[in-house]
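Working notes for the structure below.
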There are 6 protein chains.
Amino acid sequence: MGLQKHSKVLNETVEKLSDESSYKQLFHAYRDEEALPSGEVLKDIIDLCRAILFPGYYGNARISKQTLRFHTGVNVETLHTLLCQQIYAGLCLADTSCTSCPEEKIQAHAEELTEAFISTLPEMRSLLATDAEAAYNGDPAAQNISEVIFCYPGFRAICNYRIAHQLYKLRVPFIPRMITEMAHSETGIDIHPGAEIGHYFSIDHGTGTVIGETSIIGNRVRIFQGVSLAGEKLPPDENGNAIRGVARHPILEDDVTVYSNATLLGRIRIGKGATVCGNVWITGDIPPGDVITQNKVTK
Amino acid sequence: MGLQKHSKVLNETVEKLSDESSYKQLFHAYRDEEALPSGEVLKDIIDLCRAILFPGYYGNARISKQTLRFHTGVNVETLHTLLCQQIYAGLCLADTSCTSCPEEKIQAHAEELTEAFISTLPEMRSLLATDAEAAYNGDPAAQNISEVIFCYPGFRAICNYRIAHQLYKLRVPFIPRMITEMAHSETGIDIHPGAEIGHYFSIDHGTGTVIGETSIIGNRVRIFQGVSLAGEKLPPDENGNAIRGVARHPILEDDVTVYSNATLLGRIRIGKGATVCGNVWITGDIPPGDVITQNKVTK
Amino acid sequence: MGLQKHSKVLNETVEKLSDESSYKQLFHAYRDEEALPSGEVLKDIIDLCRAILFPGYYGNARISKQTLRFHTGVNVETLHTLLCQQIYAGLCLADTSCTSCPEEKIQAHAEELTEAFISTLPEMRSLLATDAEAAYNGDPAAQNISEVIFCYPGFRAICNYRIAHQLYKLRVPFIPRMITEMAHSETGIDIHPGAEIGHYFSIDHGTGTVIGETSIIGNRVRIFQGVSLAGEKLPPDENGNAIRGVARHPILEDDVTVYSNATLLGRIRIGKGATVCGNVWITGDIPPGDVITQNKVTK
Amino acid sequence: MGLQKHSKVLNETVEKLSDESSYKQLFHAYRDEEALPSGEVLKDIIDLCRAILFPGYYGNARISKQTLRFHTGVNVETLHTLLCQQIYAGLCLADTSCTSCPEEKIQAHAEELTEAFISTLPEMRSLLATDAEAAYNGDPAAQNISEVIFCYPGFRAICNYRIAHQLYKLRVPFIPRMITEMAHSETGIDIHPGAEIGHYFSIDHGTGTVIGETSIIGNRVRIFQGVSLAGEKLPPDENGNAIRGVARHPILEDDVTVYSNATLLGRIRIGKGATVCGNVWITGDIPPGDVITQNKVTK
Amino acid sequence: MGLQKHSKVLNETVEKLSDESSYKQLFHAYRDEEALPSGEVLKDIIDLCRAILFPGYYGNARISKQTLRFHTGVNVETLHTLLCQQIYAGLCLADTSCTSCPEEKIQAHAEELTEAFISTLPEMRSLLATDAEAAYNGDPAAQNISEVIFCYPGFRAICNYRIAHQLYKLRVPFIPRMITEMAHSETGIDIHPGAEIGHYFSIDHGTGTVIGETSIIGNRVRIFQGVSLAGEKLPPDENGNAIRGVARHPILEDDVTVYSNATLLGRIRIGKGATVCGNVWITGDIPPGDVITQNKVTK
Amino acid sequence: MGLQKHSKVLNETVEKLSDESSYKQLFHAYRDEEALPSGEVLKDIIDLCRAILFPGYYGNARISKQTLRFHTGVNVETLHTLLCQQIYAGLCLADTSCTSCPEEKIQAHAEELTEAFISTLPEMRSLLATDAEAAYNGDPAAQNISEVIFCYPGFRAICNYRIAHQLYKLRVPFIPRMITEMAHSETGIDIHPGAEIGHYFSIDHGTGTVIGETSIIGNRVRIFQGVSLAGEKLPPDENGNAIRGVARHPILEDDVTVYSNATLLGRIRIGKGATVCGNVWITGDIPPGDVITQNKVTK
């Protein structure tokens with residue numbers, strides 16, 4: 001008798017959940033042959049990028065200089081295969097309006113984008129070398145540069161960001177955001193792939209740090225945990241819809257430092273060499289070289 | 001000789017650790033047939049809920065409208081089996097005082113609770129549809145609603161919360177908290193399953209956000225990263241023990257917005273449509289429509 | 001033709017990435033027989049420590065008092081094997097200058113350190129028992145001490161810290177930091193293994209909390225989410241290099257409470273029993289018993 | 001120095017193995033987008049077929065009559081997806097001569113074949129029901145029909161054969177052979193997918209039994225371990241190549257029994273109801289009803 | 001359009017397969033809370049038995065004499081848990097007639113059987129020690145007894161048989177057969193759990209060897225690959241059903257040797273010390289000490 | 001009460017099993033740092049060998065001629081690492097008498113043997129190419145050479161044998177036997193690694209085939225399922241121990257064919273081009289070119 005009732009409730013619920021009116025907003029209708037981007041494969045892709053960029057630190061193999069080329073060759077080829085599939089999946093998911101456009105064309109486009117991405121890896125390695133150096137020089141607790149590459153969440157998040165930013169610049173949909181969200185989940189650091197960030201950049205501790213879509217960050221900038229480079233709220237367009245893509249996040253010029261839990265809101269400019277102390281809420285420009293602190297505390 | 005010493009130290013440590021006086025506070029004694037709730041199975045349960053609620057976005061299968069009912073049927077049945085086991089485990093773990101109460105009764109109770117939970121899934125889907133819409137409309141960086149469902153940590157945390165809250169209302173022990181802690185670990189967003197939250201709710205970025213056990217949140221509320229709806233510290237009871245379950249967290253009325261890193265402490269009321277800017281510390285009521293900002297900063 | 005171009009771009013990129021000038025800063029050259037420390041094995045090590053310290057709560061087995069000694073014996077032996085390998089790997093990675101020193105010596109040193117660590121487990125259990133009690137007594141939302149041990153991220157992070165701190169005191173390189181970073185990633189709580197922390201310590205919610213390398217924390221201290229015990233920036237040495245290891249983080253005396261998102265910067269002293277409210281930025285000493293709050297907010 | 005030599009020998013071996021003259025016979029050159037058939041996926045496919053054909057015996061789920069349709073629906077859809085991919089892979093691998101023929105055409109053909117296969121599942125179930133009954137009735141050691149379905153290697157091999165035979169009749173390349181080889185490896189029973197076998201067929205014990213490509217077996221036939229229905233060696237064609245596909249294996253009429261380790265060679269006919277005892281070598285026809293035994297043994 | 005047809009064929013097939021008339025013989029209807037025995041868990045059970053019986057040869061751990069007791073304790077406890085579940089599942093599956101008998105009673109019976117089995121492990125170890133010695137002494141290719149324990153399929157199959165035979169004697173249904181079938185699949189050696197086999201028994205190579213349900217084998221017997229101890233076909237009972245459990249397989253007295261591919265059929269007796277050479281078919285008694293060979297071959 | 005008894009029986013059994021007198025024959029005592037050879041790692045090693053020898057057929061990657069060298073380089077390096085560990089483990093296990101000999105020496109020896117093995121891979125590939133051709137030419141059911149490489153158990157077993165034989169010639173203990181036993185388990189074909197086998201060798205179907213330790217097989221030999229090249233039983237030495245390593249298995253000259261289930265026993269010589277038909281038992285020499293069949297069968 002328990003079983004009878006059980007089946008009844010369950011079956012009724014299944015019917016309700018299978019009714020088109022119930023799911024219409026939340027159902028993803030597939031095209032033939034199409035798959036969603038996969039978080040697991042993207043994780044493999046990031047691991048491959050790390051194995052290529054920092055040989056010997058990531059990946060299973062023990063690499064010597066004699067065999068580095070073999071490993072790099074295999075890793076680059078595997079990266080090509082996996083990334084191309086994911087970009088293809090991202091293009092299909094984004095292209096919901098035009099479901100009749102031919103698969104081959106999307107496939108060819110995915111291949112082009114993949115190659116373009118891979119060709120930027122050497123330059124990306126140079127840039128990340130400066131970031132690793134910045135983290136090591138800036139943190140007295142760091143024992144050596146290996147520790148930065150191997151353990152530092154800030155460096156890990158910047159690495160994901162630099163990969164995602166290249167894909168973002170190539171207008172790959174979904175994938176860049178998924179890659180920075182992976183770092184967000186692991187490190188608590190949320191850098192939008194659209195942000196522009198110069199070299200020798202470091203984030204210490206980092207949990208809670210947010211760098212919004214249209215932020216611009218110069219060279220040699222240093223940021224701590226809980227810092228928000230936040231977008232100001234824009235009025236909707238005449239139809240009441242959010243306007244997307246407008247510059248609405250801060251600009252940090254070269255050599256700026258922002259301490260923990262500071263919030264910088266809107267398209268403001270923090271001048272070269274300025275220091276923002278912790279826990280402040282800033283909504284206006286700061287001149288070069290200034291040091292900004294929270295008002296005095298009260299007992 | 002090394003080996004001798006090795007065994008001696010290890011064996012002595014094993015003896016100390018096996019001594020009852022050493023572990024008495026930290027040992028979990030099993031009843032027969034009983035298992036602890038499993039984080040891994042709860043992860044599968046959440047994945048099943050997502051696969052049921054958002055068909056096509058989660059799960060391995062490529063679902064068409066023709067086969068949606070089959071998939072929903074199988075997923076609901078599997079959810080029933082797994083959730084029932086976990087609720088049973090939770091009931092056993094909570095029921096430490098009454099170890100003689102019969103298994104069958106606990107089992108029957110677990111079945112009832114599972115069915116009651118499953119029957120709320122259609123309504124939960126409707127509610128989550130408003131949350132997804134809120135996130136999309138509120139974030140100019142969002143490309144489309146698929147991205148919200150697929151990538152947004154805020155939406156992910158709210159989804160876990162809404163599942164956990166249903167179980168909390170059914171007085172299922174342990175499991176609700178484990179489910180929100182899973183989201184906490186993945187997203188840095190810590191929503192207590194006891195909080196009451198209206199529809200069209202969104203959390204942007206979200207890392208560090210805390211919504212305490214007795215918080216009450218109205219409709220169309222929007223919250224950012226690092227916001228705390230914190231409980232005020234209550235005096236202990238006459239025996240010096242913490243008093244549990246008293247209302248001690250804020251009430252946010254409809255249409256409130258709270259920006260990053262603001263802390264709202266105690267059973268205060270933030271009036272309809274009020275805006276709390278970032279990095280403030282608030283311990284009193286705010287009238288409807290007010291905009292609260294941090295005091296001016298000092299150079 | 002697509003394939004031709006494909007191979008050309010890929011091959012060129014492989015050549016660039018295999019050029020010594022490209023990778024020299026970012027390549028880890030192995031010694032024979034050496035492996036990098038493994039995040040996955042460290043995860044197993046932490047799970048083993050938890051299974052040993054809190055019998056019945058972690059691990060696969062259903063333990064009774066009769067068989068507790070068997071389980072403890074096997075777990076301690078497995079811990080010995082795995083930890084010894086990881087310490088050995090850490091010693092090799094750290095010892096980049098002296099690649100000619102004999103393996104046997106490093107191996108023997110790893111064994112010694114492992115034994116020394118294991119012999120502290122009984123004491124560590126006692127200490128963690130006070131931390132669990134503190135979390136339970138301090139949080140009205142906690143149902144019982146099982147919930148604290150089983151679900152509380154703050155307790156989890158403290159547990160990893162106490163393990164890592166023992167290894168840090170034994171001067172094991174890399175591994176302690178990797179262990180606290182694991183907790184950082186899971187919980188958003190970043191406690192440097194070098195910090196010194198008394199008994200009956202609790203962190204509530206915890207996301208974004210940072211406790212720096214040279215922090216000193218007394219007994220019965222309670223900390224909330226987003227709190228930073230941050231290091232002040234020190235001038236470089238005469239060669240322009242960061243000076244490492246200098247005391248530069250706060251001292252919290254016994255019975256201090258620090259609320260959410262407060263930042264305490266530099267070698268300051270927070271007196272016995274003081275309370276620091278949320279969202280403040282403190283750079284000077286606080287006398288015993290004081291209550292510090294953010295300045296008034298402005299509409 | 002050890003390392004130097006090591007690298008030299010290894011590098012030379014790599015060069016030799018990468019030389020085209022070395023691998024030319026043994027290298028599989030891929031077409032774009034193509035993958036080899038996968039033994040692991042075929043294993044999943046067989047498991048799916050078993051779950052569909054024998055509901056409740058295979059697969060993870062606990063099926064009730066109420067939910068059988070849901071499970072069958074999901075399993076059939078998943079089978080469709082996986083089998084279609086494998087058939088496509090098999091068609092590509094077979095089609096080495098015509099590498100320019102369009103992918104879409106192969107894909108469409110794979111879909112057709114998959115559907116044709118799936119539509120035969122109900123009939124296949126009826127046939128297998130007779131085989132299970134035959135095994136149960138023929139073996140006094142069998143406790144019930146569940147044991148046959150669940151544990152009997154002979155039934156398992158026949159099940160794989162009946163699946164493979166359908167695919168063979170549809171002229172799917174490679175896949176049928178891989179499926180019977182999977183059973184061969186598990187059970188030691190080697191039935192070529194091309195053999196034709198009537199209903200109510202059973203193989204007891206079965207290790208070492210071989211049923212060749214052009215064998216024809218009637219209804220109610222029973223075979224034991226080590227029996228070979230072997231093909232006679234044919235003269236090569238005028239070019240010295242093996243002639244393929246010619247009828248060269250035995251015909252067993254209805255109700256024949258063949259005992260262990262008997263070898264039946266060539267296109268011979270074993271008449272209705274005949275019995276072949278163990279360890280005989282037969283190269284000529286046997287009249288209906290005859291009983292054939294090995295010549296007397298000698299001390 | 002392809003998709004339409006696709007769904008139609010698939011849906012029709014699903015309907016046919018879901019029709020009760022189609023599956024009625026081949027559907028396993030579950031009782032509540034019941035699960036089928038699991039091949040994977042039985043594999044774990046066999047691995048546990050091996051780890052207990054041959055410490056140091058199987059299992060992950062490196063065991064020393066000091067820690068052997070710990071490992072044995074944990075392994076025996078885990079074996080108890082897993083085996084009890086599987087015996088319970090086997091009892092439920094067998095008990096199809098009496099679905100109303102109470103779970104608790106079956107559960108209690110499963111516990112009893114499990115304990116009875118475990119208490120025979122020390123004796124089983126003694127017996128297997130003689131089997132290992134027999135294999136080593138009998139095979140000039142064996143280097144030492146470690147190789148026998150570690151690599152010899154014959155010893156592996158005997159080990160599974162001795163475990164299964166204990167369970168068979170306790171009248172555990174299904175599980176014994178599943179355990180010997182696991183060895184059958186791995187080694188090609190098919191020993192029915194009902195057979196009675198003395199000490200110091202060895203099977204060399206072994207593929208294709210079959211030892212039927214009612215076989216009786218004395219001490220110091222040696223058997224080779226492809227040997228069948230086969231059951232003679234019995235007339236059905238008056239209702240035409242197979243008669244089960246009747247003695248119908250050979251008796252091998254002490255010190256018998258049977259060479260490869262010999263078939264011994266029916267309840268015959270092979271006298272003490274007799275030798276049966278390869279490829280013979282024997283259906284009558286053989287006196288003690290005789291040597292039986294195949295008749296002369298013919299060119 | 002059930003629990004009490006349970007613990008008593010279990011504890012008593014644990015005590016018996018932990019008593020030294022019980023396990024002394026069956027306990028493997030480890031040296032420090034030593035591990036047993038691992039069947040799982042050997043499986044990976046065989047897969048790597050196949051991926052190296054037959055590029056494109058095995059392994060995950062899609063290899064083109066441009067990237068073959070990269071893949072071969074990585075695979076050879078990985079093979080070196082894994083095989084060296086396994087050979088080391090085998091040497092330790094074999095070296096039970098001399099437990100004081102230095103690890104470094106064993107390690108160096110393992111490296112030498114590994115290199116020596118790897119340097120034979122190109123030649124091994126040439127040899128296997130002739131075996132694949134033989135299988136294809138000899139079996140009218142083979143569609144093409146891809147099918148042989150990809151699906152034929154006979155070819156698979158020969159491949160394992162040729163790998164194992166190289167290691168056997170290098171006097172690596174245990175590992176060769178484990179490798180051929182892996183093939184034995186998968187295919188039912190049991191080739192001792194010590195056998196010497198010429199080129200262009202094929203085994204069809206193969207289940208039950210045994211080729212003993214001192215067998216010598218010429219070129220272009222073809223063997224079927226169930227064939228035994230068996231060793232004659234030798235008298236023990238004066239101490240009653242088996243004499244090991246003496247030539248005691250058949251010699252098959254070039255171009256011999258042996259049909260299914262034939263047993264050839266002892267150091268006999270089957271002359272060039274002879275044919276042995278199925279199910280015969282042969283214990284004497286056969287002149288070149290002869291055709292041997294079983295005596296006539298009897299009704």
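By order in the structure tokens, chains are A, B, ...; within a chain, residues start at 1; ligands start at 1, following the order shown.
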
**Request:** May I have the residues within 10 Å of Cys159 in chain E as a PyMOL selection string, using only C-alpha atoms and disregarding those fewer than 6 positions away in the same chain?
**Result:** chain E and resi 46+49-50+53+124-125+127-128+131-132+149+153+165+180+183

**Message:** For Asp139 in chain A, find every residue with an atom within 8 Å (counting only C-alpha atoms), except residues of its own chain fewer than 3 positions away, and show them as a list in words.
**Reply:** Ala135, Tyr136, Ala142 and Asp204 of chain A; Ala242 of chain C

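Residues from chain B found within 6 Å of chain C are Thr13, Val14, Leu17, Ser18, Leu26, Phe27, His28, Ser185, Gly208, Ala242, Arg244, Val291, Ile292, Thr293, Gln294 and Asn295 of chain B, counting only C-alpha atoms.
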
For those residues, write N, CA and C atoms to a file as a tab-separated table (two decimals), in the first residue's frame.
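Here's the written file out_6.tsv:
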chain	number	residue	atom	x	y	z
B	13	THR	N	51.45	5.53	19.60
B	13	THR	CA	50.44	6.51	19.18
B	13	THR	C	49.10	5.83	18.95
B	14	VAL	N	49.14	4.68	18.33
B	14	VAL	CA	47.90	3.94	18.12
B	14	VAL	C	47.23	3.64	19.46
B	17	LEU	N	45.65	6.77	20.86
B	17	LEU	CA	44.47	7.18	20.09
B	17	LEU	C	43.30	6.22	20.29
B	18	SER	N	43.60	5.00	20.70
B	18	SER	CA	42.54	4.01	20.90
B	18	SER	C	42.01	4.01	22.33
B	26	LEU	N	34.78	12.73	20.49
B	26	LEU	CA	34.90	12.86	19.03
B	26	LEU	C	34.64	11.55	18.30
B	27	PHE	N	34.01	10.61	18.98
B	27	PHE	CA	33.76	9.31	18.39
B	27	PHE	C	32.28	9.20	18.04
B	28	HIS	N	32.01	8.75	16.85
B	28	HIS	CA	30.62	8.52	16.48
B	28	HIS	C	30.30	7.03	16.55
B	185	SER	N	30.89	25.82	-0.29
B	185	SER	CA	32.24	25.44	-0.70
B	185	SER	C	32.49	25.76	-2.18
B	208	GLY	N	31.65	35.17	-0.21
B	208	GLY	CA	31.66	35.80	1.10
B	208	GLY	C	30.29	36.22	1.61
B	242	ALA	N	23.92	28.45	24.93
B	242	ALA	CA	23.37	29.26	23.86
B	242	ALA	C	21.89	28.94	23.67
B	244	ARG	N	18.93	28.57	21.18
B	244	ARG	CA	18.91	28.28	19.75
B	244	ARG	C	17.54	28.61	19.15
B	291	VAL	N	18.87	55.35	1.04
B	291	VAL	CA	20.14	54.89	0.46
B	291	VAL	C	21.22	55.11	1.51
B	292	ILE	N	21.87	54.06	1.93
B	292	ILE	CA	22.85	54.15	3.01
B	292	ILE	C	24.25	53.97	2.43
B	293	THR	N	25.15	54.93	2.71
B	293	THR	CA	26.53	54.75	2.26
B	293	THR	C	27.48	54.91	3.43
B	294	GLN	N	28.68	54.42	3.24
B	294	GLN	CA	29.74	54.55	4.24
B	294	GLN	C	30.10	56.03	4.37
B	295	ASN	N	30.53	56.39	5.55
B	295	ASN	CA	30.99	57.76	5.76
B	295	ASN	C	32.13	58.08	4.80

**Request:** Show which residues sit within 8 Å of Ile286 in chain D, as a PyMOL selection string. Count only C-alpha atoms, and ignore same-chain residues fewer than 3 positions away.
**Result:** chain D and resi 268-271+274+290

**alpha helix (DSSP H) positions in range 153-209 of chain E, given as number ranges by chain** = E: 153-169, 175-187

**Request:** Please identify all polymer residues within 8 Å of Ile45 in chain D, counting only C-alpha atoms, omitting same-chain residues fewer than 5 positions from it, and present them as a VMD selection string.
**Result:** chain D and resid 79 82 to 83

May I have the selected residues written with C-alpha atoms, as a compact mmCIF listing (two decimals), in the first residue's frame?
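again21.txt, freshly written:
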# COMPACT_ATOMS: atom_id res chain seq x y z
CA LEU D 79 21.61 2.83 -26.74
CA LEU D 82 26.11 5.16 -28.30
CA LEU D 83 25.51 2.48 -30.91

**Message:** Let's see if you can do this: from backbone DSSP, list all strand (DSSP E) residues in range 80-236 of chain A, as a list in words.
**Reply:**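 For range 80-236 of chain A, the strand (DSSP E) set is Asp190, Ile191, Glu196, Ile197, Ser202, Ile203, Val210, Ile211, Ile216, Ile217, Arg222, Ile223, Ser228, Leu229 and Ala230 of chain A.
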
Quick one: write out the picked residues with C-alpha atoms as a CSV table (one decimal), in the first residue's frame?
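Okay, this is what ended up in out.csv:
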chain,number,residue,atom,x,y,z
A,190,ASP,CA,36.1,36.3,-9.7
A,191,ILE,CA,37.8,37.9,-12.7
A,196,GLU,CA,42.0,44.0,-19.4
A,197,ILE,CA,45.0,43.5,-17.1
A,202,SER,CA,49.3,39.9,-8.4
A,203,ILE,CA,46.4,39.1,-6.1
A,210,VAL,CA,35.8,40.7,-8.0
A,211,ILE,CA,37.1,42.3,-11.2
A,216,ILE,CA,41.1,48.1,-17.0
A,217,ILE,CA,44.1,47.4,-14.9
A,222,ARG,CA,48.7,44.5,-6.6
A,223,ILE,CA,45.3,43.6,-5.1
A,228,SER,CA,35.6,44.7,-5.7
A,229,LEU,CA,36.1,46.5,-8.9
A,230,ALA,CA,32.4,46.8,-9.4
